[in-house]
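Chemist: Quick one: this structure, given as structure tokens, is what I'll be asking you about.
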Amino acid sequence: MPSLTRRRALKAAYNISPVAKILAILLLVLALFMLAPLVLLALEGSLEAWAFALSIGIILAVSLTTLVFTRGIPIELQPRQMFVLTTLSWVVISSFASLPFILGTPYLSFTNAVFESVSAITTTGSTIVVGIDGLSDGLKLWRGMMQWLGGIGIIVMAIAILPFLKVGGMRLFQTESSDWSDKVMPRAGGIAKASGAIYLGFTGIVTISYWLAGMLPLDAIVHAMTTVATGGFANTDASFGAYSQQPQILWLASLFMFCASLPFVMFIRALRETKSVLWQDQQVKGLFYLLLIAIGILTGYRVIQGTEPFTALTQVTFNVISIVSTTGYASDDYTTWGALFIVAFFYLTFIGGCSGSTSGGMKIFRFQIGQVMLTNQLRFLVHTNGTFPQRYNGRRLPDEVIRGVIAFSFFFFLTIAGLALGLAILGLDMVSALSGAATAVSNVGPGLGDVIGPAGNFASLPDAAKWLLCVGMLMGRLEILTVIVLFTPTFWKK
């Protein structure tokens, strides 16, 4: 009869086996997507093709070996395993996706390759690559594909996983969708598939639009993928500054970034029910009015500074939507526009788009729920015996949602504060440390200042700072609490 220690080890191995099996399947999908840049490079006769071929070989060896050892293990996950899988999937995929950067030009160090990969998969968009224009077409395509894959992963996570785990107030949107899911799609899996179809179709529309507006075919494809994913990777060091003389491209990108920051579930409802359902959603209205006010004020100030009105409107609209949607493109170095713009863009970094979109940040619904709670608290101060039900989107707010929003908001800012302190200890100046922490956790991309601002990148940061930022990007993408709970003693108790 096996000893108690051995029985525990066998039980632990069995508990982790379903997680390992799913991770192996995800790696096979990653290898499948690597075939696209491999074929492109092979057709061009580029020697860079071998880097992708070797990467695919490594991934196949690891994933197939894992599948052999986990054969016969049913894929049935308990809540604890779901938490582990959610975190590990982003870590593992990011790690293996970095292989082409290590094995091919520009032959990045392990730290730099992982940073670029984590930034891509989490759709943050911060980069350490200098000389993006000189990268091979295959690596340019792969940078876009990583963000695109991360974007669809975010949609599935927001719709099917986070509400189940009751993380950060996301339960609100599972409750909200339960009344119509039977009419539209019978299960969360069906909703995720429909969202994936919309995601793919949206990418096609954006690609064609960019191409017709004047982009080269490869640029149109890559920028479409990073726009829909609100990722922000571009094919040039100048980002969308390369198209500053083509305002039609900037306006198209602004429209598409706004659409990508809306709930994809709402697109399903709009297609199957009525187009007005989008405008009926409190998140969508809140995001629209916020953008309208921010763009109006900043454009007016830019005109007062002496900028031509249409140019001011184009540049402000593009950059404001880029930051709020957490895409992170830049058409100009807005840190040179004046102190007002630096402070305004720093504040906008925290907001994010709607829940159920590819955007990062706090998400607009948390600010709206915070406003509801504050309004009710002020009423209680005046009418101490009054009863004021808290409602959002026409529904009463459950206590668990309020607790989730408060907990998420607290740990969100605590994570940024801790990360900024760590970056400062490593030698970064105050602006770089604070904005770097904020942009990592909010998954925006560019920070502020001369080093990591919209005209710079993260290449010059010390390796330790890059690893800290990787942690921040992953925590921000996974809604903070999904990661933190893994480090609590309660999680590992029976």
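By convention here, the chains of the structure tokens are called A, B, ... in the order presented, each chain's residues are numbered starting at 1, and ligands are numbered starting at 1 in the order presented.
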Write out as a PDB file with N, CA and C atoms, in the first residue's frame each polymer residue whose atoms come within 9 Å of segment 137-151 of chain A, counting only C-alpha atoms; drop sequence neighbours fewer than 4 positions from it.

Modeler:
```
ATOM      1  N   LEU A  30      -0.816  26.990 -31.042  1.00  0.00           N
ATOM      2  CA  LEU A  30       0.225  27.997 -31.260  1.00  0.00           C
ATOM      3  C   LEU A  30       1.149  27.574 -32.393  1.00  0.00           C
ATOM      4  N   PHE A  33      -0.447  28.125 -35.789  1.00  0.00           N
ATOM      5  CA  PHE A  33      -0.431  29.514 -36.243  1.00  0.00           C
ATOM      6  C   PHE A  33       0.966  29.949 -36.689  1.00  0.00           C
ATOM      7  N   MET A  34       2.003  29.298 -36.157  1.00  0.00           N
ATOM      8  CA  MET A  34       3.357  29.627 -36.576  1.00  0.00           C
ATOM      9  C   MET A  34       3.625  29.237 -38.030  1.00  0.00           C
ATOM     10  N   ALA A  36       1.982  30.099 -40.599  1.00  0.00           N
ATOM     11  CA  ALA A  36       1.745  31.231 -41.512  1.00  0.00           C
ATOM     12  C   ALA A  36       3.021  32.034 -41.767  1.00  0.00           C
ATOM     13  N   PRO A  37       3.712  32.527 -40.714  1.00  0.00           N
ATOM     14  CA  PRO A  37       4.973  33.226 -40.986  1.00  0.00           C
ATOM     15  C   PRO A  37       6.036  32.312 -41.587  1.00  0.00           C
ATOM     16  N   LEU A  38       6.015  31.023 -41.234  1.00  0.00           N
ATOM     17  CA  LEU A  38       6.974  30.081 -41.818  1.00  0.00           C
ATOM     18  C   LEU A  38       6.785  29.987 -43.328  1.00  0.00           C
ATOM     19  N   VAL A  39       5.547  29.835 -43.764  1.00  0.00           N
ATOM     20  CA  VAL A  39       5.262  29.738 -45.203  1.00  0.00           C
ATOM     21  C   VAL A  39       5.623  31.038 -45.910  1.00  0.00           C
ATOM     22  N   LEU A  40       5.280  32.183 -45.285  1.00  0.00           N
ATOM     23  CA  LEU A  40       5.598  33.478 -45.895  1.00  0.00           C
ATOM     24  C   LEU A  40       7.104  33.626 -46.109  1.00  0.00           C
ATOM     25  N   LEU A  41       7.889  33.278 -45.095  1.00  0.00           N
ATOM     26  CA  LEU A  41       9.338  33.396 -45.203  1.00  0.00           C
ATOM     27  C   LEU A  41       9.910  32.394 -46.203  1.00  0.00           C
ATOM     28  N   GLU A  48      15.282  33.177 -42.472  1.00  0.00           N
ATOM     29  CA  GLU A  48      14.566  33.308 -41.200  1.00  0.00           C
ATOM     30  C   GLU A  48      13.544  32.197 -41.002  1.00  0.00           C
ATOM     31  N   ALA A  49      13.198  31.500 -42.087  1.00  0.00           N
ATOM     32  CA  ALA A  49      12.175  30.451 -41.993  1.00  0.00           C
ATOM     33  C   ALA A  49      12.596  29.355 -41.017  1.00  0.00           C
ATOM     34  N   PHE A  52      11.379  29.694 -37.358  1.00  0.00           N
ATOM     35  CA  PHE A  52      10.003  29.259 -37.091  1.00  0.00           C
ATOM     36  C   PHE A  52       9.888  27.744 -37.183  1.00  0.00           C
ATOM     37  N   TRP A  90      -1.510  31.732 -19.996  1.00  0.00           N
ATOM     38  CA  TRP A  90      -0.908  32.967 -20.502  1.00  0.00           C
ATOM     39  C   TRP A  90       0.608  32.945 -20.333  1.00  0.00           C
ATOM     40  N   SER A  94       2.956  32.611 -23.718  1.00  0.00           N
ATOM     41  CA  SER A  94       3.883  33.728 -23.897  1.00  0.00           C
ATOM     42  C   SER A  94       5.327  33.245 -23.985  1.00  0.00           C
ATOM     43  N   ALA A  97       5.853  31.360 -27.358  1.00  0.00           N
ATOM     44  CA  ALA A  97       5.691  32.271 -28.496  1.00  0.00           C
ATOM     45  C   ALA A  97       6.927  33.131 -28.708  1.00  0.00           C
ATOM     46  N   PRO A 100      10.662  32.326 -31.729  1.00  0.00           N
ATOM     47  CA  PRO A 100      11.167  32.911 -32.980  1.00  0.00           C
ATOM     48  C   PRO A 100      12.015  34.167 -32.774  1.00  0.00           C
ATOM     49  N   PHE A 101      11.764  34.905 -31.695  1.00  0.00           N
ATOM     50  CA  PHE A 101      12.571  36.097 -31.420  1.00  0.00           C
ATOM     51  C   PHE A 101      13.967  35.722 -30.932  1.00  0.00           C
ATOM     52  N   GLY A 104      15.654  33.639 -34.274  1.00  0.00           N
ATOM     53  CA  GLY A 104      15.795  34.388 -35.522  1.00  0.00           C
ATOM     54  C   GLY A 104      16.163  35.832 -35.277  1.00  0.00           C
ATOM     55  N   THR A 105      16.490  36.527 -36.352  1.00  0.00           N
ATOM     56  CA  THR A 105      16.807  37.951 -36.251  1.00  0.00           C
ATOM     57  C   THR A 105      15.617  38.691 -35.646  1.00  0.00           C
ATOM     58  N   GLU A 116       8.819  40.894 -25.101  1.00  0.00           N
ATOM     59  CA  GLU A 116       8.094  41.190 -26.337  1.00  0.00           C
ATOM     60  C   GLU A 116       6.897  40.265 -26.513  1.00  0.00           C
ATOM     61  N   SER A 117       7.097  39.009 -26.154  1.00  0.00           N
ATOM     62  CA  SER A 117       6.027  38.026 -26.299  1.00  0.00           C
ATOM     63  C   SER A 117       4.894  38.257 -25.301  1.00  0.00           C
ATOM     64  N   SER A 119       4.165  41.064 -23.868  1.00  0.00           N
ATOM     65  CA  SER A 119       3.513  42.304 -24.284  1.00  0.00           C
ATOM     66  C   SER A 119       2.549  42.051 -25.438  1.00  0.00           C
ATOM     67  N   ALA A 120       2.920  41.127 -26.323  1.00  0.00           N
ATOM     68  CA  ALA A 120       2.058  40.813 -27.466  1.00  0.00           C
ATOM     69  C   ALA A 120       0.835  40.005 -27.043  1.00  0.00           C
ATOM     70  N   ILE A 121       1.054  38.919 -26.329  1.00  0.00           N
ATOM     71  CA  ILE A 121      -0.048  38.023 -25.955  1.00  0.00           C
ATOM     72  C   ILE A 121      -1.044  38.718 -25.035  1.00  0.00           C
ATOM     73  N   THR A 122      -0.551  39.589 -24.161  1.00  0.00           N
ATOM     74  CA  THR A 122      -1.462  40.328 -23.274  1.00  0.00           C
ATOM     75  C   THR A 122      -2.054  41.549 -23.970  1.00  0.00           C
ATOM     76  N   THR A 123      -1.697  41.764 -25.229  1.00  0.00           N
ATOM     77  CA  THR A 123      -2.128  42.905 -26.056  1.00  0.00           C
ATOM     78  C   THR A 123      -1.768  44.241 -25.411  1.00  0.00           C
ATOM     79  N   THR A 124      -0.627  44.266 -24.705  1.00  0.00           N
ATOM     80  CA  THR A 124      -0.177  45.511 -24.110  1.00  0.00           C
ATOM     81  C   THR A 124       0.412  46.432 -25.170  1.00  0.00           C
ATOM     82  N   GLY A 125       1.355  45.912 -25.947  1.00  0.00           N
ATOM     83  CA  GLY A 125       1.905  46.700 -27.047  1.00  0.00           C
ATOM     84  C   GLY A 125       3.186  47.434 -26.720  1.00  0.00           C
ATOM     85  N   ILE A 132      12.106  48.217 -36.043  1.00  0.00           N
ATOM     86  CA  ILE A 132      11.011  47.342 -36.460  1.00  0.00           C
ATOM     87  C   ILE A 132      10.884  47.316 -37.980  1.00  0.00           C
ATOM     88  N   ASP A 133      11.158  48.452 -38.618  1.00  0.00           N
ATOM     89  CA  ASP A 133      11.054  48.528 -40.075  1.00  0.00           C
ATOM     90  C   ASP A 133      11.940  47.483 -40.755  1.00  0.00           C
ATOM     91  N   ILE A 155     -11.303  37.591 -25.164  1.00  0.00           N
ATOM     92  CA  ILE A 155     -12.755  37.503 -25.351  1.00  0.00           C
ATOM     93  C   ILE A 155     -13.297  36.234 -24.692  1.00  0.00           C
ATOM     94  N   VAL A 156     -12.653  35.101 -24.977  1.00  0.00           N
ATOM     95  CA  VAL A 156     -13.108  33.826 -24.414  1.00  0.00           C
ATOM     96  C   VAL A 156     -13.004  33.848 -22.890  1.00  0.00           C
ATOM     97  N   TYR A 199     -15.176  38.323 -34.318  1.00  0.00           N
ATOM     98  CA  TYR A 199     -13.782  38.768 -34.220  1.00  0.00           C
ATOM     99  C   TYR A 199     -13.057  38.548 -35.552  1.00  0.00           C
ATOM    100  N   LEU A 218       0.675  43.645 -46.393  1.00  0.00           N
ATOM    101  CA  LEU A 218       1.146  43.085 -45.128  1.00  0.00           C
ATOM    102  C   LEU A 218       0.866  44.041 -43.972  1.00  0.00           C
ATOM    103  N   ASP A 219       1.087  45.332 -44.199  1.00  0.00           N
ATOM    104  CA  ASP A 219       0.805  46.319 -43.153  1.00  0.00           C
ATOM    105  C   ASP A 219      -0.681  46.331 -42.799  1.00  0.00           C
ATOM    106  N   ILE A 221      -2.790  43.835 -43.024  1.00  0.00           N
ATOM    107  CA  ILE A 221      -3.111  42.622 -42.273  1.00  0.00           C
ATOM    108  C   ILE A 221      -2.646  42.734 -40.827  1.00  0.00           C
ATOM    109  N   VAL A 222      -1.388  43.123 -40.632  1.00  0.00           N
ATOM    110  CA  VAL A 222      -0.832  43.193 -39.279  1.00  0.00           C
ATOM    111  C   VAL A 222      -1.542  44.257 -38.456  1.00  0.00           C
ATOM    112  N   HIS A 223      -1.756  45.431 -39.036  1.00  0.00           N
ATOM    113  CA  HIS A 223      -2.410  46.495 -38.272  1.00  0.00           C
ATOM    114  C   HIS A 223      -3.873  46.162 -38.002  1.00  0.00           C
ATOM    115  N   ALA A 224      -4.511  45.410 -38.892  1.00  0.00           N
ATOM    116  CA  ALA A 224      -5.886  44.976 -38.621  1.00  0.00           C
ATOM    117  C   ALA A 224      -5.917  44.055 -37.406  1.00  0.00           C
ATOM    118  N   MET A 225      -4.977  43.116 -37.344  1.00  0.00           N
ATOM    119  CA  MET A 225      -4.938  42.182 -36.218  1.00  0.00           C
ATOM    120  C   MET A 225      -4.664  42.907 -34.905  1.00  0.00           C
ATOM    121  N   THR A 226      -3.738  43.872 -34.934  1.00  0.00           N
ATOM    122  CA  THR A 226      -3.400  44.565 -33.689  1.00  0.00           C
ATOM    123  C   THR A 226      -4.420  45.637 -33.326  1.00  0.00           C
ATOM    124  N   THR A 227      -5.215  46.087 -34.294  1.00  0.00           N
ATOM    125  CA  THR A 227      -6.299  47.029 -33.990  1.00  0.00           C
ATOM    126  C   THR A 227      -7.461  46.315 -33.328  1.00  0.00           C
ATOM    127  N   VAL A 228      -7.892  45.197 -33.924  1.00  0.00           N
ATOM    128  CA  VAL A 228      -9.029  44.446 -33.384  1.00  0.00           C
ATOM    129  C   VAL A 228      -8.700  43.903 -32.000  1.00  0.00           C
ATOM    130  N   ALA A 229      -7.436  43.546 -31.791  1.00  0.00           N
ATOM    131  CA  ALA A 229      -7.015  43.045 -30.482  1.00  0.00           C
ATOM    132  C   ALA A 229      -6.712  44.168 -29.501  1.00  0.00           C
ATOM    133  N   THR A 230      -6.864  45.426 -29.949  1.00  0.00           N
ATOM    134  CA  THR A 230      -6.437  46.610 -29.169  1.00  0.00           C
ATOM    135  C   THR A 230      -5.049  46.374 -28.594  1.00  0.00           C
ATOM    136  N   GLY A 231      -4.152  45.892 -29.468  1.00  0.00           N
ATOM    137  CA  GLY A 231      -2.809  45.537 -29.040  1.00  0.00           C
ATOM    138  C   GLY A 231      -1.795  46.645 -29.239  1.00  0.00           C
ATOM    139  N   GLY A 232      -1.750  47.231 -30.438  1.00  0.00           N
ATOM    140  CA  GLY A 232      -0.902  48.388 -30.640  1.00  0.00           C
ATOM    141  C   GLY A 232       0.428  48.156 -31.324  1.00  0.00           C
ATOM    142  N   PHE A 233       0.811  46.887 -31.603  1.00  0.00           N
ATOM    143  CA  PHE A 233       2.044  46.674 -32.340  1.00  0.00           C
ATOM    144  C   PHE A 233       1.884  47.199 -33.763  1.00  0.00           C
ATOM    145  N   ALA A 234       2.888  47.923 -34.239  1.00  0.00           N
ATOM    146  CA  ALA A 234       2.881  48.453 -35.599  1.00  0.00           C
ATOM    147  C   ALA A 234       4.091  47.916 -36.351  1.00  0.00           C
ATOM    148  N   ASN A 235       4.122  48.129 -37.649  1.00  0.00           N
ATOM    149  CA  ASN A 235       5.210  47.607 -38.473  1.00  0.00           C
ATOM    150  C   ASN A 235       6.349  48.603 -38.654  1.00  0.00           C
ATOM    151  N   SER A 357     -14.703  43.106 -24.056  1.00  0.00           N
ATOM    152  CA  SER A 357     -13.964  43.545 -25.244  1.00  0.00           C
ATOM    153  C   SER A 357     -12.506  43.115 -25.071  1.00  0.00           C
ATOM    154  N   THR A 358     -11.675  43.476 -26.045  1.00  0.00           N
ATOM    155  CA  THR A 358     -10.258  43.146 -25.940  1.00  0.00           C
ATOM    156  C   THR A 358      -9.478  44.205 -25.163  1.00  0.00           C
ATOM    157  N   SER A 359     -10.141  45.245 -24.690  1.00  0.00           N
ATOM    158  CA  SER A 359      -9.467  46.320 -23.966  1.00  0.00           C
ATOM    159  C   SER A 359      -8.981  45.866 -22.599  1.00  0.00           C
TER     160      SER A 359
END
```

Chemist: At a cut-off of 9 Å, using only C-alpha atoms, what residues contact Ile128 of chain A? Leave out same-chain residues fewer than 5 positions from it and give the result as a compact mmCIF listing (two decimals) with N, CA and C atoms, in the first residue's frame.

Modeler:
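And here's result-v8.txt as it stands now:
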```txt
# COMPACT_ATOMS: atom_id res chain seq x y z
N ASN A 112 14.50 39.85 -23.22
CA ASN A 112 13.85 40.71 -24.21
C ASN A 112 12.81 39.96 -25.03
N ALA A 113 13.10 38.72 -25.37
CA ALA A 113 12.16 37.93 -26.17
C ALA A 113 10.88 37.65 -25.38
N PHE A 115 9.76 39.43 -22.84
CA PHE A 115 9.06 40.71 -22.67
C PHE A 115 8.23 41.03 -23.91
N GLU A 116 8.82 40.89 -25.10
CA GLU A 116 8.09 41.19 -26.34
C GLU A 116 6.90 40.26 -26.51
N ASN A 457 10.94 53.48 -26.45
CA ASN A 457 10.52 52.10 -26.20
C ASN A 457 11.20 51.60 -24.93
N PHE A 458 11.02 50.31 -24.63
CA PHE A 458 11.44 49.77 -23.34
C PHE A 458 12.79 49.06 -23.41
N ALA A 459 13.50 49.19 -24.53
CA ALA A 459 14.74 48.43 -24.73
C ALA A 459 15.82 48.78 -23.72
N SER A 460 15.90 50.04 -23.32
CA SER A 460 17.00 50.48 -22.46
C SER A 460 16.79 50.17 -20.98
N LEU A 461 15.62 49.65 -20.61
CA LEU A 461 15.37 49.35 -19.19
C LEU A 461 16.21 48.17 -18.74
```

Chemist: Select, from A:Trp467, A:Tyr347, A:Phe408, A:Phe380, the residue with the minimum atom-to-atom distance to Thr439 of chain A, counting only C-alpha atoms.

Modeler: A:Tyr347

Chemist: Using DSSP on the backbone coordinates, identify all residues within segment 326-485 of chain A classified as strand (DSSP E or B); present the result as a list in words.

Modeler: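 Checking each residue of segment 326-485 of chain A, the strand (DSSP E or B) ones are Arg391, Tyr392, Arg395 and Arg396 of chain A.
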
Chemist: Given only C-alpha atoms as the basis, pick out the residue of A:Asp281, A:Asp237, A:Asp332, A:Asp429 nearest to Leu250 of chain A.

Modeler: A:Asp332

Chemist: One decimal, Å: what's the distance from atom CA of Val471 of chain A over to atom CA of Leu54 of chain A, could you say?

Modeler: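 Rounded to one decimal, the two atoms are 27.4 Å apart.
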
Chemist: Find, counting only C-alpha atoms, the residue in A:Gly201, A:Pro462, A:Gly306, A:Pro163 that gets nearest to Pro79 of chain A.

Modeler: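 Among A:Gly201, A:Pro462, A:Gly306, A:Pro163, it is A:Pro163 that comes nearest to Pro79 of chain A.
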
Chemist: Quick one, how far is atom CA of Gly445 of chain A from atom CA of Ile323 of chain A?

Modeler: 8.5 Å

Chemist: Taking into account only C-alpha atoms, which residue in the set A:Ala465, A:Met430, A:Val382, A:Met257 is nearest to Gly353 of chain A?

Modeler: A:Met257
